[in-house]
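Asker: This structure is in structure tokens; I'll ask about it shortly.
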Amino acid sequence: MKTRGRPFRKGNSGRPKGARHKTTRAIEALLEGETEGIGRKCIEMALAGDGTALRLAMERICPVRRARVRFDMPAVESIADLPKAVGVIIAAVADGTLSPEEGSAMGSAISLQCRVPELSELEQRIAALEEARGGSR
């Protein structure tokens, strides 16, 4: 019987955590004991001027860092500060200072920052209600 959205029977979670595909295991077996030699050859080819080998070596030696963008962001201390902060982020995305992905990440961070006081307030309210009711269960 074909099921939608659930490829395994209940209780069968599929491949165990850490298990590797047989192709990956075969490649690892082929490279067993050869990695140092392959790495040395790549470096020799890079030193000899092979552009691809040079790029490969450099990507491993010093990987590309994600750019850090600086822009003026107003402090978000309460929910009332949200519209201004979101407006600054949208403007930064619009003028190219931030990528859409960075803007989305900033928006998520602001949202999380605003939820923390809300959760704290809810926790205090629940504690007060339980205390008024005669203690927690």
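Residue numbering restarts at 1 in every chain; chains get A, B, ... in the order shown in the structure tokens, and ligands count up from 1 in that same order.
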Could you go through region 9-108 of chain A and tell me which residues DSSP, when run on the backbone, assigns to alpha helix (DSSP H), listing them as a PyMOL selection string?
Answerer: chain A and resi 22-31+35-47+51-61+82-94+100-108
Asker: Extract, using only C-alpha atoms, all DNA, RNA and protein residues at most 9 Å from Val86 (chain A), discarding same-chain residues fewer than 3 positions from it, and format them as a list in words.
Answerer: Asp81, Leu82, Pro83, Ile89, Ile90, Ala91, Met106, Gly107 and Ile110 of chain A
Asker: Please, what distance in Å, to one decimal, runs between CA of Phe71 (chain A) and CA of Arg115 (chain A)?
Answerer: 23.4 Å
Asker: Tell me which of A:Lys41, A:Arg125, A:Arg70, A:Arg60 sits closest to Leu98 (chain A), counting only C-alpha atoms.
Answerer: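 Among A:Lys41, A:Arg125, A:Arg70, A:Arg60, it is A:Arg70 that comes nearest to Leu98 (chain A).
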Asker: Using only C-alpha atoms, which of A:Val88, A:Ala53, A:Cys42, A:Ala26 sits nearest Ala75 (chain A)?
Answerer: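 Among the listed residues, A:Val88 lies closest to Ala75 (chain A).
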